[in-house]
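Note: the block below is query-v3.txt and it holds compact mmCIF, C-alpha atoms and all ligand atoms.
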# COMPACT_ATOMS: atom_id res chain seq x y z
CA MET X 298 -19.15 66.39 -139.91
CA LYS X 299 -16.31 66.55 -142.40
CA SER X 300 -17.08 65.75 -146.00
CA GLU X 301 -13.55 65.93 -147.45
CA PRO X 302 -11.61 62.70 -147.02
CA ILE X 303 -8.83 62.95 -144.44
CA PRO X 304 -5.35 62.90 -146.02
CA VAL X 305 -3.08 60.10 -144.80
CA VAL X 306 0.55 61.13 -145.11
CA LEU X 307 3.26 58.48 -144.92
CA VAL X 308 6.55 59.42 -143.31
CA ALA X 309 9.25 56.92 -144.25
CA GLY X 310 13.05 56.91 -144.43
CA TYR X 311 15.94 54.70 -143.42
CA LEU X 312 16.79 53.89 -139.79
CA GLY X 313 17.55 56.95 -137.70
CA SER X 314 17.03 59.51 -140.46
CA GLY X 315 14.78 61.62 -138.23
CA LYS X 316 11.20 60.45 -138.84
CA THR X 317 10.10 60.65 -135.18
CA THR X 318 11.78 64.03 -134.86
CA LEU X 319 9.89 65.27 -137.92
CA VAL X 320 6.56 63.87 -136.73
CA ASN X 321 7.09 65.55 -133.36
CA HIS X 322 7.81 68.82 -135.12
CA LEU X 323 4.60 68.51 -137.13
CA LEU X 324 2.61 67.77 -134.00
CA THR X 325 3.93 70.76 -132.11
CA HIS X 326 3.66 73.19 -135.03
CA ALA X 327 0.45 72.27 -136.84
CA ARG X 328 -1.68 74.03 -134.27
CA ASP X 329 -4.76 74.51 -136.42
CA HIS X 330 -4.90 70.86 -137.30
CA ARG X 331 -5.80 67.86 -135.24
CA ILE X 332 -3.44 65.12 -136.27
CA GLY X 333 -3.81 61.43 -135.67
CA VAL X 334 -0.64 59.36 -135.74
CA ILE X 335 0.05 55.69 -136.38
CA VAL X 336 3.56 54.66 -135.38
CA ASN X 337 5.04 51.45 -136.71
CA ASP X 338 8.09 50.44 -134.69
CA PHE X 339 10.35 47.64 -135.88
CA GLY X 340 11.09 46.27 -132.43
CA ARG X 341 8.69 45.06 -129.79
CA ILE X 342 9.38 48.00 -127.51
CA ASN X 343 7.53 51.01 -128.92
CA VAL X 344 10.22 53.65 -128.41
CA ASP X 345 8.95 55.90 -131.20
CA ALA X 346 5.38 55.63 -130.03
CA LEU X 347 6.50 56.76 -126.58
CA ALA X 348 8.34 59.68 -128.13
CA VAL X 349 5.27 61.12 -129.82
CA ALA X 350 2.65 60.08 -127.28
CA GLY X 351 2.77 63.28 -125.25
CA GLN X 352 2.18 65.55 -128.23
CA VAL X 353 -0.60 64.00 -130.17
CA ASP X 354 -4.37 64.13 -130.32
CA ALA X 355 -4.67 60.44 -131.11
CA MET X 356 -1.88 57.91 -131.42
CA LEU X 357 -1.97 54.22 -132.20
CA PRO X 358 1.19 52.14 -131.91
CA MET X 359 1.89 49.18 -134.20
CA GLY X 360 4.92 47.39 -132.87
CA ASN X 361 6.88 44.30 -133.76
CA GLY X 362 7.60 44.09 -137.45
CA CYS X 363 7.18 46.24 -140.48
CA LEU X 364 3.66 47.17 -141.42
CA CYS X 365 4.60 46.72 -145.06
CA CYS X 366 4.82 42.97 -144.48
CA ALA X 367 1.39 42.56 -142.94
CA VAL X 368 -0.24 39.80 -144.91
CA ASP X 369 -3.64 41.21 -144.32
CA THR X 370 -4.25 44.90 -143.92
CA ALA X 371 -7.17 44.55 -141.52
CA GLY X 372 -5.12 45.90 -138.60
CA LEU X 373 -4.17 49.05 -140.46
CA ASP X 374 -7.69 49.47 -141.83
CA ARG X 375 -9.11 49.27 -138.31
CA MET X 376 -6.68 51.90 -137.05
CA LEU X 377 -7.46 54.24 -139.91
CA GLU X 378 -11.13 53.72 -139.32
CA ARG X 379 -10.79 54.61 -135.65
CA LEU X 380 -8.82 57.75 -136.39
CA ALA X 381 -11.15 58.80 -139.19
CA GLU X 382 -14.32 58.53 -137.11
CA PRO X 383 -16.08 61.87 -137.40
CA GLY X 384 -16.26 62.18 -133.61
CA GLN X 385 -12.45 62.32 -133.42
CA GLY X 386 -12.36 65.56 -135.41
CA ILE X 387 -9.04 64.59 -136.99
CA ASP X 388 -7.89 66.72 -139.95
CA ALA X 389 -4.92 64.65 -141.06
CA ILE X 390 -3.37 61.28 -140.29
CA VAL X 391 0.36 60.67 -140.27
CA ILE X 392 1.80 57.17 -140.45
CA GLU X 393 5.39 56.93 -139.26
CA ALA X 394 6.80 53.86 -140.96
CA SER X 395 9.57 51.81 -139.41
CA GLY X 396 13.06 52.64 -140.69
CA LEU X 397 13.13 49.40 -142.68
CA ALA X 398 9.70 49.57 -144.29
CA GLU X 399 9.14 49.37 -148.03
CA PRO X 400 7.33 52.56 -148.98
CA ARG X 401 5.93 51.03 -152.13
CA ASP X 402 4.05 48.38 -150.16
CA LEU X 403 2.73 50.95 -147.70
CA VAL X 404 1.49 53.18 -150.52
CA ARG X 405 -0.15 50.18 -152.13
CA MET X 406 -1.93 49.33 -148.87
CA LEU X 407 -3.26 52.84 -148.51
CA LEU X 408 -4.45 53.04 -152.08
CA ALA X 409 -6.23 49.73 -151.60
CA SER X 410 -8.16 51.01 -148.61
CA GLU X 411 -11.87 51.15 -149.20
CA ASN X 412 -12.52 53.60 -146.40
CA PRO X 413 -14.25 56.58 -148.02
CA ARG X 414 -13.24 58.87 -145.14
CA ILE X 415 -9.55 58.74 -145.97
CA ALA X 416 -7.39 59.50 -149.02
CA TYR X 417 -3.71 58.84 -149.64
CA GLY X 418 -1.99 62.15 -148.94
CA GLY X 419 1.52 61.44 -150.18
CA LEU X 420 4.86 59.97 -149.15
CA VAL X 421 7.49 61.99 -147.33
CA GLU X 422 10.93 60.34 -147.41
CA VAL X 423 13.29 61.53 -144.70
CA VAL X 424 16.97 61.29 -145.66
CA ASP X 425 19.91 61.47 -143.25
CA ALA X 426 22.23 64.02 -144.89
CA VAL X 427 25.23 62.71 -142.95
CA GLU X 428 24.79 59.01 -143.71
CA PHE X 429 23.18 59.27 -147.16
CA GLU X 430 26.08 58.04 -149.29
CA THR X 431 27.10 55.29 -146.85
CA ASN X 432 23.53 54.01 -146.60
CA ARG X 433 23.10 54.11 -150.37
CA LEU X 434 26.20 52.02 -150.88
CA ARG X 435 25.01 49.47 -148.38
CA HIS X 436 21.41 49.45 -149.67
CA PRO X 437 21.11 50.50 -153.32
CA GLU X 438 17.35 49.92 -153.07
CA LEU X 439 17.07 53.13 -151.01
CA ASP X 440 17.32 55.04 -154.31
CA GLU X 441 14.08 53.44 -155.41
CA HIS X 442 12.35 54.56 -152.20
CA LEU X 443 13.16 58.14 -153.10
CA ARG X 444 11.52 57.79 -156.47
CA PHE X 445 8.18 57.00 -154.78
CA ALA X 446 8.32 60.13 -152.66
CA ASP X 447 6.21 63.23 -153.11
CA LEU X 448 8.59 65.20 -150.93
CA VAL X 449 12.14 64.38 -149.84
CA VAL X 450 13.21 65.97 -146.56
CA LEU X 451 16.99 66.20 -146.45
CA ASN X 452 17.32 66.12 -142.69
CA LYS X 453 20.31 66.87 -140.40
CA ALA X 454 21.17 69.87 -142.55
CA ASP X 455 22.71 71.38 -139.41
CA GLN X 456 25.38 68.69 -139.68
CA ARG X 457 26.02 69.05 -143.37
CA ASP X 458 25.68 72.13 -145.52
CA ASP X 459 26.45 70.86 -149.00
CA PRO X 460 24.45 71.95 -152.07
CA GLY X 461 25.98 68.98 -153.92
CA ILE X 462 23.95 66.51 -151.91
CA VAL X 463 20.68 68.28 -152.77
CA GLU X 464 21.58 67.93 -156.44
CA LEU X 465 22.51 64.29 -155.99
CA ILE X 466 19.21 63.50 -154.30
CA ARG X 467 17.26 65.33 -156.99
CA LYS X 468 19.02 63.21 -159.57
CA VAL X 469 18.60 59.92 -157.75
CA SER X 470 14.93 60.62 -157.02
CA ASP X 471 14.04 61.60 -160.59
CA GLY X 472 13.51 65.23 -159.68
CA ARG X 473 11.36 64.98 -156.56
CA PRO X 474 11.18 68.20 -154.52
CA VAL X 475 13.93 68.24 -151.88
CA VAL X 476 13.57 70.33 -148.72
CA PRO X 477 16.64 70.62 -146.48
CA ALA X 478 15.73 70.63 -142.77
CA SER X 479 17.29 70.50 -139.35
CA PHE X 480 15.55 68.39 -136.74
CA GLY X 481 12.67 67.76 -139.14
CA ALA X 482 11.61 71.41 -138.96
CA ILE X 483 9.62 71.65 -142.16
CA ASP X 484 6.61 73.88 -142.71
CA PRO X 485 3.56 71.72 -141.80
CA GLY X 486 1.74 73.58 -144.56
CA LEU X 487 3.79 71.54 -147.02
CA LEU X 488 1.76 68.54 -145.97
CA PHE X 489 -1.54 69.63 -144.56
CA ASP X 490 -2.72 72.91 -146.01
CA ALA X 491 -4.94 72.71 -148.99
CA GLY X 492 -3.68 74.75 -151.89
CA GLU X 493 -0.66 75.12 -154.02
CA ARG X 494 2.04 74.38 -151.50
CA ARG X 495 0.86 70.90 -150.73
CA PRO X 496 2.56 68.28 -152.85
CA VAL X 497 -0.47 66.41 -154.08
CA ALA X 498 0.23 62.72 -153.96
CA ARG X 499 1.36 61.64 -157.37
CA GLN X 500 -0.67 59.18 -159.33
CA LEU X 501 1.41 56.03 -159.17
CA SER X 502 0.96 53.64 -162.03
CA PHE X 503 0.10 50.00 -161.69
CA ASP X 504 3.63 49.22 -162.88
CA ASP X 505 5.07 51.33 -160.10
CA LEU X 506 3.15 49.45 -157.50
CA ARG X 507 3.03 45.84 -158.56
CA HIS X 508 5.35 43.22 -157.11
CA GLU X 509 8.07 41.98 -159.41
CA ASP X 510 6.86 38.91 -161.22
CA GLY X 511 8.52 35.58 -160.74
CA HIS X 512 10.82 36.35 -157.82
CA HIS X 513 10.49 37.42 -154.23
CA HIS X 514 10.74 41.13 -153.79
CA GLU X 515 13.62 41.70 -151.36
CA HIS X 516 12.68 43.87 -148.45
CA LEU X 517 15.31 45.89 -146.63
CA HIS X 518 14.31 44.31 -143.38
CA ASP X 519 14.87 40.77 -144.63
CA ALA X 520 18.51 41.19 -143.63
CA TYR X 521 17.85 42.92 -140.33
CA GLY X 522 17.11 41.68 -136.86
CA SER X 523 16.21 43.38 -133.63
CA VAL X 524 17.09 42.62 -130.03
CA GLU X 525 15.31 44.05 -127.01
CA PHE X 526 16.91 44.61 -123.64
CA SER X 527 15.07 45.63 -120.47
CA SER X 528 16.35 46.19 -116.98
CA ASP X 529 14.71 47.57 -113.87
CA THR X 530 18.12 47.77 -112.21
CA PRO X 531 19.98 50.97 -113.15
CA LEU X 532 22.90 50.54 -115.56
CA HIS X 533 26.52 51.32 -114.80
CA PRO X 534 27.25 54.42 -116.89
CA ARG X 535 30.88 53.59 -117.66
CA ARG X 536 30.14 49.99 -118.53
CA LEU X 537 27.34 51.00 -120.87
CA LEU X 538 29.59 53.55 -122.52
CA ALA X 539 32.27 50.89 -123.00
CA PHE X 540 29.64 48.67 -124.61
CA LEU X 541 28.54 51.52 -126.89
CA THR X 542 32.08 52.40 -127.91
CA GLU X 543 32.75 48.82 -128.92
CA ARG X 544 29.38 48.08 -130.47
CA PRO X 545 29.55 45.70 -133.41
CA ALA X 546 29.66 47.22 -136.90
CA GLY X 547 26.35 45.59 -137.86
CA LEU X 548 24.51 47.28 -134.99
CA TYR X 549 23.29 50.35 -136.90
CA ARG X 550 20.57 51.61 -134.61
CA MET X 551 19.94 51.65 -130.84
CA LYS X 552 17.25 53.60 -129.08
CA GLY X 553 15.37 53.69 -125.84
CA PRO X 554 15.38 55.08 -122.32
CA VAL X 555 18.24 54.31 -119.94
CA ASP X 556 18.11 54.55 -116.16
CA PHE X 557 21.47 55.22 -114.49
CA GLY X 558 19.99 55.96 -111.07
CA VAL X 559 22.93 58.23 -110.17
CA PRO X 560 22.00 60.78 -107.46
CA GLY X 561 21.44 64.14 -109.14
CA HIS X 562 20.98 62.38 -112.53
CA GLU X 563 17.92 60.25 -111.85
CA GLY X 564 16.07 61.46 -114.97
CA ARG X 565 15.59 59.59 -118.20
CA PHE X 566 18.53 59.32 -120.61
CA LEU X 567 17.07 58.53 -124.04
CA LEU X 568 19.82 56.72 -125.92
CA GLN X 569 20.06 57.24 -129.68
CA THR X 570 22.70 55.67 -131.90
CA VAL X 571 22.57 55.91 -135.69
CA GLY X 572 25.65 54.40 -137.37
CA PRO X 573 28.57 56.11 -135.61
CA TYR X 574 26.32 58.77 -134.02
CA LEU X 575 25.71 58.53 -130.28
CA ARG X 576 23.61 60.84 -128.10
CA PHE X 577 21.64 60.82 -124.89
CA HIS X 578 18.62 63.14 -124.64
CA ARG X 579 17.72 63.91 -121.04
CA SER X 580 14.18 64.42 -119.75
CA PRO X 581 12.12 63.53 -116.67
CA TRP X 582 10.55 60.06 -116.53
CA ASP X 583 6.89 59.97 -117.40
CA GLY X 584 6.48 56.55 -115.79
CA PRO X 585 8.53 54.33 -113.52
CA PRO X 586 12.28 54.47 -114.34
CA GLY X 587 13.71 51.51 -116.24
CA THR X 588 15.99 50.76 -119.18
CA ARG X 589 14.20 49.62 -122.36
CA LEU X 590 16.46 49.34 -125.39
CA VAL X 591 15.88 48.26 -128.97
CA LEU X 592 18.92 47.24 -131.01
CA ILE X 593 18.55 46.95 -134.78
CA GLY X 594 21.13 45.73 -137.24
CA THR X 595 22.46 42.96 -139.43
CA GLY X 596 24.18 39.78 -138.25
CA LEU X 597 23.51 40.54 -134.59
CA ASP X 598 24.54 37.95 -132.01
CA ALA X 599 21.57 38.43 -129.68
CA ASP X 600 22.92 36.26 -126.84
CA ASP X 601 26.24 38.07 -126.79
CA LEU X 602 24.62 41.52 -126.88
CA LEU X 603 22.16 40.65 -124.11
CA ARG X 604 24.93 39.16 -121.96
CA ARG X 605 27.06 42.28 -122.35
CA LEU X 606 24.16 44.60 -121.58
CA ALA X 607 23.13 42.50 -118.56
CA ALA X 608 26.70 42.92 -117.25
CA CYS X 609 26.08 46.70 -117.25
CA ALA X 610 23.28 46.13 -114.73
CA GLU X 611 25.37 44.09 -112.26
CA PRO X 612 25.68 45.84 -108.90
CA ASP X 613 28.82 47.92 -108.36
CA PRO X 614 29.13 50.65 -105.68
CA GLU X 615 31.12 52.81 -108.10
CA ALA X 616 28.17 52.90 -110.55
CA ARG X 617 26.10 55.46 -108.63
CA THR X 618 28.79 58.13 -108.44
CA GLU X 619 29.25 61.44 -110.23
CA ARG X 620 32.58 60.14 -111.46
CA ALA X 621 30.91 57.18 -113.17
CA ILE X 622 28.39 59.30 -115.04
CA LEU X 623 30.72 62.08 -116.18
CA PRO X 624 31.73 60.43 -119.47
CA VAL X 625 28.04 59.93 -120.37
CA LEU X 626 27.30 63.63 -119.86
CA LYS X 627 29.65 64.43 -122.75
CA TYR X 628 27.12 62.81 -125.07
CA CYS X 629 24.17 64.79 -123.70
CA GLU X 630 24.46 68.05 -125.64
CA ASP X 631 20.81 68.25 -126.64
CA HIS X 632 19.73 70.78 -129.17
CA ALA X 633 17.68 73.68 -127.84
N1 LIG K 1 22.05 66.86 -135.53
C1 LIG K 1 20.84 66.43 -135.86
N2 LIG K 1 20.31 65.34 -135.26
C2 LIG K 1 19.07 64.95 -135.60
C3 LIG K 1 18.32 65.63 -136.58
N3 LIG K 1 17.12 65.01 -136.72
C4 LIG K 1 17.14 63.98 -135.85
N4 LIG K 1 18.31 63.94 -135.17
C5 LIG K 1 18.71 62.96 -134.15
O1 LIG K 1 18.87 61.69 -134.79
C6 LIG K 1 18.48 60.64 -133.90
C7 LIG K 1 17.43 59.76 -134.56
O2 LIG K 1 16.26 60.55 -134.80
P1 LIG K 1 14.81 59.88 -134.89
O3 LIG K 1 13.85 60.98 -135.18
O4 LIG K 1 14.56 59.01 -133.71
O5 LIG K 1 15.00 58.95 -136.17
P2 LIG K 1 13.94 57.91 -136.80
O6 LIG K 1 14.05 58.03 -138.26
O7 LIG K 1 12.59 58.10 -136.19
O8 LIG K 1 14.54 56.53 -136.31
P3 LIG K 1 13.93 55.04 -136.56
O9 LIG K 1 12.46 55.13 -136.31
O10 LIG K 1 14.63 54.19 -135.57
O11 LIG K 1 14.27 54.67 -137.96
C8 LIG K 1 18.00 61.35 -132.63
O12 LIG K 1 19.06 61.39 -131.70
C9 LIG K 1 17.64 62.73 -133.11
O13 LIG K 1 17.73 63.73 -132.09
C10 LIG K 1 18.90 66.77 -137.22
O14 LIG K 1 18.34 67.42 -138.13
N5 LIG K 1 20.16 67.12 -136.83
Once you've parsed the file, please lay out its structure as C-alpha cells.
Amino acid sequence: MKSEPIPVVLVAGYLGSGKTTLVNHLLTHARDHRIGVIVNDFGRINVDALAVAGQVDAMLPMGNGCLCCAVDTAGLDRMLERLAEPGQGIDAIVIEASGLAEPRDLVRMLLASENPRIAYGGLVEVVDAVEFETNRLRHPELDEHLRFADLVVLNKADQRDDPGIVELIRKVSDGRPVVPASFGAIDPGLLFDAGERRPVARQLSFDDLRHEDGHHHEHLHDAYGSVEFSSDTPLHPRRLLAFLTERPAGLYRMKGPVDFGVPGHEGRFLLQTVGPYLRFHRSPWDGPPGTRLVLIGTGLDADDLLRRLAACAEPDPEARTERAILPVLKYCEDHA
C-alpha cells in the first residue's frame, strides 16, 4: 500500500500543440512507473483517448466538452478515485486537457479535491513552436496560461530551431522553465521522479485562482465549436484532399481516422490538421475500419462541412484506385 499521495500532472496547451504526442511519449518511456491517464477530448469522438489507449495501464476518457467547465467536479473526483485505488498500483496520474481548456480552472479543481490519495503534481503547458506567435495574436489569453505552468514544453522544435522563441516564452511566462522538445520527447523524470529535477507544483495564491469578480471569465472555448463526421463507407481520397485544401480559415483543427478502402492501402489513415499543417499517420486498424473525424474551429458552418464530407463518401469507381490515393500518400511522411 502506498502512503505518499499520487501526483496528478496536468498536460495542457492549445489545440494541436502536441499534448497527446507528449503523453504517449511519457507512457512509452516511463517504464518504472505505472501511469493512469484521464483524457478530456473536446469533441464527442474520443480521438485522443483512442491514441493513448494502447499504451496505458489505466485510461479513462472524458469526452464532449472541456472538463474545466464542469459545474460539479464529481465526475473528475470519481475518476481520480478509481485511478488512485491502492489495488491499481498507479504511481502517477496524467490528465490530458482538451486544447481549449482553461488551465487555471483545472488547477483549481485539483486543489479542491479532498481525496487524500492524490496531490496536485503541477501543470505542463505544451506550446506549438511553429504556431506560437499566430496563436498568441489570435488569443492573447494564452499568455496567461503560460504563467500558471510549472514547466513549458516548447514542442515541434524539429520544425523550428530559434533561440529567440525560448527567450520570448520565458518572458511571456514570467520566467517559467522552458524545455524544447520534438514530438513531446521530454525526460519523464522531469515529471515523475522524486528529487531535484521534478518541478514541484508552485503554490498558487488565492488571487491567482479566483474568478474575476463582477464579469464572466471568458473561456477560450466559448468561441469554438466542434463538428463530428462519421462514415462507414470509405472516402474518396482525392475528394477528401480537395476538401482539406479548401478548408475554411476558421477550421483550426481536424483529427481522426480515415478509411479510404483502396486495395493495398486498407490500413488506418489518422488525419491531423493544425492550422495550415496537414498529415496522415498510417497504422493498422485496431477495430472495424471507419472514418471518424472531429473538426474544431470558430464560425464553423456545420451543415456545409458535413455536406461536403458526405460527398467524399459517395460511390465512385475511381475512388478505389492507386491513382486516387497517390496525392494522399504525399502527406504520409510519418516520423520514425
Ligand atoms: N513535426 C512535428 N510534429 C509534431 C510534433 N509533436 C506533435 N506533432 C504532430 O502534431 C499533430 C498534433 O499532435 P497531437 O499530439 O495530437 O496534439 P494535441 O495537442 O494532443 O491536439 P488536441 O488534443 O487536438 O489539442 C500530430 O500530427 C502530431 O504528429 C513535433 O514535435 N514535431
Counting all atoms listed in the file, which residues come within 12 Å of (30.0, 61.6, -111.6), with the point read in the file's coordinates, and could you list them as a list in words?
->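 Neighbouring residues, ordered by chain and number, come to His533, Pro534, Arg535, Phe557, Gly558, Val559, Pro560, Gly561, His562, Glu615, Ala616, Arg617, Thr618, Glu619, Arg620, Ala621, Ile622, Leu623, Pro624, Val625, Leu626 and Lys627 of chain X.
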Nearest to ligand LIG 1 (chain K), chosen from X:Ile462, X:Val424, X:Leu434, X:Leu606, with only C-alpha atoms and all ligand atoms counted in the distances | X:Val424
With only C-alpha atoms and all ligand atoms counted, collect every polymer residue having an atom within 6 Å of ligand LIG 1 (chain K); state the result as a PyMOL selection string.
-> chain X and resi 311-318+395-396+452-456+479-481+569+576
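In this model, the gap between CA of Gly310 (chain X) and CA of His518 (chain X) comes to 12.7 Å.
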Find the distance between CA of Gly594 (chain X) and CA of Leu568 (chain X) and write it in Å to one decimal.
->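 We find that CA of Gly594 (chain X) and CA of Leu568 (chain X) lie 15.8 Å from each other.
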Identify, on the basis of all atoms listed in the file, every residue whose closest approach to His330 (chain X) does not exceed 12 Å; exclude the query and any residue fewer than 2 positions from it along the same chain; express the result as a PyMOL selection string.
-> chain X and resi 303-304+323-328+332-333+353-354+386-391+485-486+488-491
Here's a test: counting all atoms listed in the file, identify every protein, DNA and RNA residue with an atom at most 7 Å from (14.4, 59.3, -115.4) in the file's coordinate frame, and state them as a PDB file with C-alpha atoms, in the frame of the given file.
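Everything below was put into point_13.pdb:
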ATOM      1  CA  ASP X 556      18.110  54.550-116.160  1.00  0.00           C
ATOM      2  CA  GLU X 563      17.920  60.250-111.850  1.00  0.00           C
ATOM      3  CA  GLY X 564      16.070  61.460-114.970  1.00  0.00           C
ATOM      4  CA  ARG X 565      15.590  59.590-118.200  1.00  0.00           C
ATOM      5  CA  PHE X 566      18.530  59.320-120.610  1.00  0.00           C
ATOM      6  CA  SER X 580      14.180  64.420-119.750  1.00  0.00           C
ATOM      7  CA  PRO X 581      12.120  63.530-116.670  1.00  0.00           C
ATOM      8  CA  TRP X 582      10.550  60.060-116.530  1.00  0.00           C
ATOM      9  CA  PRO X 586      12.280  54.470-114.340  1.00  0.00           C
TER      10      PRO X 586
END
Return as AutoDock Vina command-line options the box centre and box size in Å, one decimal, for an axis-aligned box around all listed atoms of region 625-628 of chain X padded by 6 Å per side.
--center_x 28.4 --center_y 62.2 --center_z -122.5 --size_x 14.5 --size_y 16.5 --size_z 17.2
Can you work out which one of X:Glu515, X:Glu411, X:Asp425, X:Asp374 has the shortest atom-to-atom distance to Glu438 (chain X), counting only C-alpha atoms?
->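 The closest residue to Glu438 (chain X) is X:Glu515.
The coordinates place CA of Leu517 (chain X) at 14.9 Å from CA of Leu548 (chain X).
The residue that comes closest to Leu319 (chain X), out of X:Ala409, X:Ile415, X:Val421, X:Leu403 and on the basis of all atoms listed in the file, is X:Val421.
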Counting all atoms listed in the file, what is within 8 Å of region 521-526 of chain X, bar same-chain residues fewer than 5 positions away, as a PyMOL selection string?
-> chain X and resi 339-342+588-597+599+603+606
Shortest interatomic distance to Met551 (chain X) - which of X:Thr431, X:Gly572, X:Leu397, X:Cys363, counting only C-alpha atoms =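 The closest residue to Met551 (chain X) is X:Gly572.
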Which of these residues is nearest to Ser527 (chain X), using all atoms listed in the file: X:Cys365, X:Met406, X:Val306, X:Val555?
-> X:Val555
File contents for region 572-587 of chain X with N, CA and C atoms as a tab-separated table (two decimals), in the first residue's frame:
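Wrote selection-v8.tsv, looks like this:
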chain	number	residue	atom	x	y	z
X	572	GLY	N	-3.97	24.25	-37.86
X	572	GLY	CA	-3.74	25.43	-38.69
X	572	GLY	C	-3.46	24.95	-40.12
X	573	PRO	N	-2.36	25.41	-40.70
X	573	PRO	CA	-2.06	25.01	-42.09
X	573	PRO	C	-1.46	23.61	-42.23
X	574	TYR	N	-1.08	23.01	-41.08
X	574	TYR	CA	-0.40	21.70	-41.10
X	574	TYR	C	-1.38	20.59	-41.46
X	575	LEU	N	-0.92	19.64	-42.26
X	575	LEU	CA	-1.77	18.52	-42.67
X	575	LEU	C	-0.93	17.26	-42.79
X	576	ARG	N	-1.30	16.23	-42.07
X	576	ARG	CA	-0.58	14.95	-42.13
X	576	ARG	C	-1.55	13.79	-41.97
X	577	PHE	N	-1.17	12.67	-42.57
X	577	PHE	CA	-1.84	11.40	-42.28
X	577	PHE	C	-0.81	10.48	-41.64
X	578	HIS	N	-1.16	9.85	-40.54
X	578	HIS	CA	-0.29	8.86	-39.90
X	578	HIS	C	-0.91	7.50	-40.15
X	579	ARG	N	-0.15	6.62	-40.76
X	579	ARG	CA	-0.71	5.31	-41.15
X	579	ARG	C	-0.44	4.25	-40.08
X	580	SER	N	-1.42	3.41	-39.83
X	580	SER	CA	-1.24	2.27	-38.92
X	580	SER	C	-2.36	1.27	-39.21
X	581	PRO	N	-2.21	0.04	-38.72
X	581	PRO	CA	-3.31	-0.92	-38.92
X	581	PRO	C	-4.53	-0.52	-38.08
X	582	TRP	N	-5.70	-0.94	-38.50
X	582	TRP	CA	-6.91	-0.70	-37.70
X	582	TRP	C	-6.86	-1.58	-36.45
X	583	ASP	N	-7.32	-1.03	-35.33
X	583	ASP	CA	-7.43	-1.91	-34.17
X	583	ASP	C	-8.89	-2.24	-33.87
X	584	GLY	N	-9.76	-1.91	-34.80
X	584	GLY	CA	-11.18	-2.26	-34.72
X	584	GLY	C	-11.68	-2.25	-36.15
X	585	PRO	N	-13.00	-2.27	-36.33
X	585	PRO	CA	-13.51	-2.23	-37.69
X	585	PRO	C	-13.15	-0.91	-38.37
X	586	PRO	N	-12.80	-0.92	-39.66
X	586	PRO	CA	-12.47	0.33	-40.35
X	586	PRO	C	-13.67	1.27	-40.38
X	587	GLY	N	-13.40	2.55	-40.42
X	587	GLY	CA	-14.48	3.55	-40.49
X	587	GLY	C	-13.89	4.93	-40.26
